[in-house]
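Beneath this line is the structure, given in structure tokens, with notes to follow.
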Number of protein chains: 2
Amino acid sequence: MALPREYEGQACSIAKALEIVGERWTLLIVRDAAYGVRRFSDFVTHLDIPRRVLTERLKFLVEQGILEKQPAGGREEYVLTGKGLALFPVIRALAAWGDEYTSPSGQRRIIRHVACGTILERTGRCPECDVYPPVGDLESTPGPG
Amino acid sequence: MALPREYEGQACSIAKALEIVGERWTLLIVRDAAYGVRRFSDFVTHLDIPRRVLTERLKFLVEQGILEKQPAGGREEYVLTGKGLALFPVIRALAAWGDEYTSPSGQRRIIRHVACGTILERTGRCPECDVYPPVGDLESTPGPG
DNA sequence: CCTTTTAGTTCCTTCAGTGAACTGTCTCAC
DNA sequence: GTGAGACAGTTCACTGAAGGAACTAAAAGG
């Protein structure tokens, strides 16, 4: 990348979003963070990502306000901010598409609305409550795929 | 990439989806295709993408069944398949996030449901008709951002 | 203290992206 | 027909990012 991370630089929110989360590994780091991974070494083992790349990505995500470094019992941990949590619909849309078109046996993970226990639609809506629950109200379990 | 396009290779639909559409430029090509761009040279000028990379991506997307090469008045054109159109929620989610967090002045593009003229929610729902209209029923105009 | 874990660095190699120039093919006016 | 452009790629030399393994510094824990 001669112009790192820049696609067109101008008036497109999709391009702008991709400049920030479009790099290799980035969305997988956010996904792991959304599922509770917080420490450097855990990201390394879960993702099997080169440590050098992880260092870069974490640094960048912190700079962008998607992750936050929080002191946690001595060592620091990486925690998603609101801006980071707001990426969950993107991840859910990718998962839905991946389920639909790359998995031979249906959804790989089932996401429930904790409040009512109902399985969400692929769009993220809870058909029982007719709302789009925030990430904190969701529970994810392995599906048939 | 020693193992090209492979993240973990296993049981994660997000990783699987990203193996296919997670590479640089790919989602922007799909976005352009969704907005009607069909010819090689048009992608080049719209995206300012290196021709070599565009060739690779188009070839890969056709292999994956996301784009289709269609003869159109002599020359061939690249058209989204159903699998490709199904990526629109991903693009919409990215755009929504980009609008929210990278644009100083609100939504950059406004998407309407052609049938009723109503502006869609950021989730893609038409509040008037209470449906998630397919891409073909949408109309996109520049917003304030 | 001394050992182990954790969080990064450093180094080297390989591969992918970039940009410009080049080639072959199709189209259309004349 | 045929010559001028447009169009769709290909080729090439260069740069920068990713990958993998070994190394280092600091903190945790006994």
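Residue numbering restarts at 1 for every chain of the structure tokens, chains are lettered A, B, ... in their displayed order, and ligands are numbered from 1 as they appear.
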Tell me the residues of chain C close to chain B, meaning within 10 Å using only C-alpha atoms (C1' of nucleotides), as a PDB file with N, CA and C atoms (P, O5', C5', C4', C3', O3' and C1' of nucleotides), in the first residue's frame.
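New file out_29.pdb:
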```
ATOM      1  P    DT C  14      12.356 -16.894   0.679  1.00  0.00           P
ATOM      2  O5'  DT C  14      10.803 -16.568   0.556  1.00  0.00           O
ATOM      3  C5'  DT C  14       9.898 -17.032   1.569  1.00  0.00           C
ATOM      4  C4'  DT C  14       8.573 -16.343   1.380  1.00  0.00           C
ATOM      5  C3'  DT C  14       8.116 -16.278  -0.083  1.00  0.00           C
ATOM      6  O3'  DT C  14       6.772 -16.730  -0.138  1.00  0.00           O
ATOM      7  C1'  DT C  14       7.982 -14.154   0.916  1.00  0.00           C
ATOM      8  P    DC C  15       6.075 -17.051  -1.568  1.00  0.00           P
ATOM      9  O5'  DC C  15       4.852 -16.050  -1.585  1.00  0.00           O
ATOM     10  C5'  DC C  15       4.101 -15.848  -0.384  1.00  0.00           C
ATOM     11  C4'  DC C  15       3.441 -14.491  -0.445  1.00  0.00           C
ATOM     12  C3'  DC C  15       2.744 -14.217  -1.783  1.00  0.00           C
ATOM     13  O3'  DC C  15       1.407 -13.848  -1.493  1.00  0.00           O
ATOM     14  C1'  DC C  15       4.080 -12.382  -1.140  1.00  0.00           C
ATOM     15  P    DA C  16       0.304 -13.893  -2.644  1.00  0.00           P
ATOM     16  O5'  DA C  16      -0.392 -12.460  -2.493  1.00  0.00           O
ATOM     17  C5'  DA C  16      -0.620 -11.921  -1.206  1.00  0.00           C
ATOM     18  C4'  DA C  16      -0.665 -10.417  -1.292  1.00  0.00           C
ATOM     19  C3'  DA C  16      -1.491  -9.892  -2.462  1.00  0.00           C
ATOM     20  O3'  DA C  16      -2.349  -8.878  -1.969  1.00  0.00           O
ATOM     21  C1'  DA C  16       0.684  -8.949  -2.510  1.00  0.00           C
ATOM     22  P    DG C  17      -3.274  -8.093  -2.942  1.00  0.00           P
ATOM     23  O5'  DG C  17      -2.520  -6.697  -3.081  1.00  0.00           O
ATOM     24  C5'  DG C  17      -2.420  -5.873  -1.929  1.00  0.00           C
ATOM     25  C4'  DG C  17      -1.767  -4.570  -2.297  1.00  0.00           C
ATOM     26  C3'  DG C  17      -2.497  -3.767  -3.363  1.00  0.00           C
ATOM     27  O3'  DG C  17      -2.486  -2.407  -2.955  1.00  0.00           O
ATOM     28  C1'  DG C  17      -0.282  -4.163  -4.054  1.00  0.00           C
ATOM     29  P    DT C  18      -3.212  -1.315  -3.823  1.00  0.00           P
ATOM     30  O5'  DT C  18      -2.048  -0.715  -4.710  1.00  0.00           O
ATOM     31  C5'  DT C  18      -0.929  -0.092  -4.071  1.00  0.00           C
ATOM     32  C4'  DT C  18       0.016   0.488  -5.103  1.00  0.00           C
ATOM     33  C3'  DT C  18      -0.646   1.239  -6.262  1.00  0.00           C
ATOM     34  O3'  DT C  18      -0.218   2.581  -6.216  1.00  0.00           O
ATOM     35  C1'  DT C  18       1.060  -0.227  -7.042  1.00  0.00           C
ATOM     36  P    DG C  19      -0.934   3.709  -7.060  1.00  0.00           P
ATOM     37  O5'  DG C  19      -0.069   3.785  -8.394  1.00  0.00           O
ATOM     38  C5'  DG C  19       1.320   4.012  -8.283  1.00  0.00           C
ATOM     39  C4'  DG C  19       1.963   3.912  -9.644  1.00  0.00           C
ATOM     40  C3'  DG C  19       1.123   4.512 -10.782  1.00  0.00           C
ATOM     41  O3'  DG C  19       1.996   5.267 -11.606  1.00  0.00           O
ATOM     42  C1'  DG C  19       1.705   2.291 -11.301  1.00  0.00           C
ATOM     43  P    DC C  26     -12.349 -10.065 -30.526  1.00  0.00           P
ATOM     44  O5'  DC C  26     -13.390  -8.877 -30.395  1.00  0.00           O
ATOM     45  C5'  DC C  26     -13.704  -8.352 -29.109  1.00  0.00           C
ATOM     46  C4'  DC C  26     -14.182  -6.914 -29.251  1.00  0.00           C
ATOM     47  C3'  DC C  26     -15.232  -6.703 -30.346  1.00  0.00           C
ATOM     48  O3'  DC C  26     -16.368  -6.115 -29.740  1.00  0.00           O
ATOM     49  C1'  DC C  26     -13.511  -5.063 -30.466  1.00  0.00           C
ATOM     50  P    DT C  27     -17.685  -5.842 -30.631  1.00  0.00           P
ATOM     51  O5'  DT C  27     -17.535  -4.309 -31.036  1.00  0.00           O
ATOM     52  C5'  DT C  27     -17.064  -3.374 -30.063  1.00  0.00           C
ATOM     53  C4'  DT C  27     -17.213  -1.954 -30.591  1.00  0.00           C
ATOM     54  C3'  DT C  27     -18.280  -1.763 -31.653  1.00  0.00           C
ATOM     55  O3'  DT C  27     -18.886  -0.505 -31.434  1.00  0.00           O
ATOM     56  C1'  DT C  27     -16.190  -1.091 -32.522  1.00  0.00           C
TER      57       DT C  27
END
```
query: If you count only C-alpha atoms (C1' of nucleotides), which residues fall within 12 Å of Cys116 in chain A, apart from same-chain ones fewer than 4 positions away, as a list in words?
result: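 Surrounding residues, per the criterion: Ile111, Arg112, Leu120, Cys126, Pro127, Glu128, Cys129, Asp130, Val131, Pro133, Asp137, Leu138 and Glu139 of chain A.
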Any chance you could tabulate, as JSON lines, the residues of chain B at most 7 Å from chain A with each one's nearest atom pair and distance in Å to one decimal, using only C-alpha atoms, in chain and rising number order?
```
{"residue": "B:Glu8", "atom": "CA", "partner": "A:Leu47", "partner_atom": "CA", "distance": 6.8}
{"residue": "B:Cys12", "atom": "CA", "partner": "A:Arg108", "partner_atom": "CA", "distance": 7.0}
{"residue": "B:Ser13", "atom": "CA", "partner": "A:Gly98", "partner_atom": "CA", "distance": 4.6}
{"residue": "B:Ile14", "atom": "CA", "partner": "A:Ala95", "partner_atom": "CA", "distance": 4.6}
{"residue": "B:Lys16", "atom": "CA", "partner": "A:Gly98", "partner_atom": "CA", "distance": 6.1}
{"residue": "B:Ala17", "atom": "CA", "partner": "A:Gly98", "partner_atom": "CA", "distance": 4.7}
{"residue": "B:Gly22", "atom": "CA", "partner": "A:Arg24", "partner_atom": "CA", "distance": 6.9}
{"residue": "B:Glu23", "atom": "CA", "partner": "A:Arg24", "partner_atom": "CA", "distance": 6.9}
{"residue": "B:Arg24", "atom": "CA", "partner": "A:Glu23", "partner_atom": "CA", "distance": 6.9}
{"residue": "B:Leu47", "atom": "CA", "partner": "A:Glu8", "partner_atom": "CA", "distance": 6.7}
{"residue": "B:Ala86", "atom": "CA", "partner": "A:Trp97", "partner_atom": "CA", "distance": 6.9}
{"residue": "B:Leu87", "atom": "CA", "partner": "A:Trp97", "partner_atom": "CA", "distance": 6.7}
{"residue": "B:Pro89", "atom": "CA", "partner": "A:Ala93", "partner_atom": "CA", "distance": 6.0}
{"residue": "B:Val90", "atom": "CA", "partner": "A:Ala93", "partner_atom": "CA", "distance": 5.0}
{"residue": "B:Ile91", "atom": "CA", "partner": "A:Ile14", "partner_atom": "CA", "distance": 7.0}
{"residue": "B:Ala93", "atom": "CA", "partner": "A:Val90", "partner_atom": "CA", "distance": 5.0}
{"residue": "B:Leu94", "atom": "CA", "partner": "A:Ile14", "partner_atom": "CA", "distance": 5.7}
{"residue": "B:Ala95", "atom": "CA", "partner": "A:Ile14", "partner_atom": "CA", "distance": 4.6}
{"residue": "B:Trp97", "atom": "CA", "partner": "A:Leu87", "partner_atom": "CA", "distance": 6.6}
{"residue": "B:Gly98", "atom": "CA", "partner": "A:Ser13", "partner_atom": "CA", "distance": 4.6}
{"residue": "B:Asp99", "atom": "CA", "partner": "A:Ser13", "partner_atom": "CA", "distance": 5.6}
{"residue": "B:Thr102", "atom": "CA", "partner": "A:Lys16", "partner_atom": "CA", "distance": 6.8}
{"residue": "B:Arg108", "atom": "CA", "partner": "A:Ser13", "partner_atom": "CA", "distance": 6.6}
```
Can you spit out the residues from that selection as an mmCIF file, in the first residue's frame, using N, CA and C atoms?
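What ended up in result-v5.cif:
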```cif
data_model
loop_
_atom_site.group_PDB
_atom_site.id
_atom_site.type_symbol
_atom_site.label_atom_id
_atom_site.label_comp_id
_atom_site.auth_asym_id
_atom_site.auth_seq_id
_atom_site.Cartn_x
_atom_site.Cartn_y
_atom_site.Cartn_z
ATOM 1 N N GLU B 8 -8.450 -18.762 9.525
ATOM 2 C CA GLU B 8 -8.304 -19.894 10.414
ATOM 3 C C GLU B 8 -8.689 -21.171 9.698
ATOM 4 N N CYS B 12 -15.706 -20.962 11.407
ATOM 5 C CA CYS B 12 -16.247 -19.648 11.713
ATOM 6 C C CYS B 12 -16.746 -18.996 10.444
ATOM 7 N N SER B 13 -18.038 -18.730 10.390
ATOM 8 C CA SER B 13 -18.605 -18.186 9.147
ATOM 9 C C SER B 13 -18.088 -16.795 8.880
ATOM 10 N N ILE B 14 -17.709 -16.074 9.930
ATOM 11 C CA ILE B 14 -17.167 -14.732 9.716
ATOM 12 C C ILE B 14 -15.827 -14.832 9.017
ATOM 13 N N LYS B 16 -14.832 -17.315 7.262
ATOM 14 C CA LYS B 16 -15.089 -17.833 5.908
ATOM 15 C C LYS B 16 -15.541 -16.711 4.978
ATOM 16 N N ALA B 17 -16.436 -15.872 5.486
ATOM 17 C CA ALA B 17 -16.901 -14.750 4.673
ATOM 18 C C ALA B 17 -15.736 -13.828 4.339
ATOM 19 N N GLY B 22 -12.964 -10.380 2.187
ATOM 20 C CA GLY B 22 -12.217 -9.578 3.143
ATOM 21 C C GLY B 22 -10.969 -8.940 2.567
ATOM 22 N N GLU B 23 -10.661 -9.239 1.336
ATOM 23 C CA GLU B 23 -9.449 -8.657 0.778
ATOM 24 C C GLU B 23 -9.656 -7.215 0.380
ATOM 25 N N ARG B 24 -8.558 -6.517 0.357
ATOM 26 C CA ARG B 24 -8.568 -5.128 -0.063
ATOM 27 C C ARG B 24 -9.303 -4.997 -1.390
ATOM 28 N N LEU B 47 -12.940 3.471 -8.962
ATOM 29 C CA LEU B 47 -12.246 3.073 -7.739
ATOM 30 C C LEU B 47 -10.796 3.532 -7.713
ATOM 31 N N ALA B 86 -26.654 -10.622 -1.984
ATOM 32 C CA ALA B 86 -26.849 -10.952 -0.565
ATOM 33 C C ALA B 86 -25.795 -10.292 0.311
ATOM 34 N N LEU B 87 -24.759 -9.729 -0.313
ATOM 35 C CA LEU B 87 -23.745 -9.014 0.472
ATOM 36 C C LEU B 87 -24.180 -7.599 0.808
ATOM 37 N N PRO B 89 -26.466 -6.324 2.745
ATOM 38 C CA PRO B 89 -26.563 -5.987 4.174
ATOM 39 C C PRO B 89 -25.208 -5.693 4.804
ATOM 40 N N VAL B 90 -24.187 -6.389 4.377
ATOM 41 C CA VAL B 90 -22.844 -6.128 4.901
ATOM 42 C C VAL B 90 -22.417 -4.715 4.530
ATOM 43 N N ILE B 91 -22.621 -4.378 3.275
ATOM 44 C CA ILE B 91 -22.235 -3.059 2.793
ATOM 45 C C ILE B 91 -23.049 -1.979 3.498
ATOM 46 N N ALA B 93 -24.377 -2.193 6.454
ATOM 47 C CA ALA B 93 -23.928 -2.090 7.847
ATOM 48 C C ALA B 93 -22.630 -1.284 7.926
ATOM 49 N N LEU B 94 -21.740 -1.515 6.986
ATOM 50 C CA LEU B 94 -20.497 -0.751 6.958
ATOM 51 C C LEU B 94 -20.780 0.729 6.721
ATOM 52 N N ALA B 95 -21.684 1.000 5.800
ATOM 53 C CA ALA B 95 -22.013 2.389 5.493
ATOM 54 C C ALA B 95 -22.625 3.069 6.708
ATOM 55 N N TRP B 97 -22.159 2.343 9.836
ATOM 56 C CA TRP B 97 -21.096 2.577 10.815
ATOM 57 C C TRP B 97 -20.218 3.737 10.373
ATOM 58 N N GLY B 98 -19.886 3.747 9.091
ATOM 59 C CA GLY B 98 -19.060 4.833 8.576
ATOM 60 C C GLY B 98 -19.753 6.180 8.712
ATOM 61 N N ASP B 99 -21.044 6.211 8.419
ATOM 62 C CA ASP B 99 -21.813 7.451 8.583
ATOM 63 C C ASP B 99 -21.752 7.920 10.032
ATOM 64 N N THR B 102 -17.518 8.165 11.132
ATOM 65 C CA THR B 102 -16.423 8.792 10.400
ATOM 66 C C THR B 102 -16.872 10.030 9.646
ATOM 67 N N ARG B 108 -24.025 10.109 4.467
ATOM 68 C CA ARG B 108 -23.519 10.605 3.200
ATOM 69 C C ARG B 108 -24.430 10.237 2.044
#
```
query: Do you have the C1' of DC22 in chain C-CA of Gln70 in chain B distance handy?
result: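 These two atoms are separated by 27.1 Å.
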query: How many Å separate C1' of DA4 in chain D from C1' of DA21 in chain C?
result: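 Taking C1' of DA4 in chain D as the start and C1' of DA21 in chain C as the end point, the length is 19.8 Å.
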Just need the residues of chain D within 10 Å of chain B, counting only C-alpha atoms (C1' of nucleotides), so spit them out as a CSV table (one decimal) with C-alpha atoms (C1' of nucleotides), in the first residue's frame.
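Okay, this is what ended up in iface-v1.csv:
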```csv
chain,number,residue,atom,x,y,z
D,6,DA,C1',-11.7,2.6,-26.9
D,7,DC,C1',-11.6,-1.4,-24.1
D,8,DA,C1',-9.8,-5.4,-21.3
D,9,DG,C1',-6.5,-7.1,-19.8
D,10,DT,C1',-0.9,-8.5,-19.2
D,11,DT,C1',3.8,-7.6,-18.0
D,17,DA,C1',3.0,-5.4,4.3
D,18,DA,C1',2.4,-10.2,6.1
D,19,DG,C1',4.4,-14.4,8.0
```
- prompt: At what distance in Å, to one decimal, does CA of Lys69 in chain B lie from CA of Ala33 in chain B?
  reply: 12.1 Å
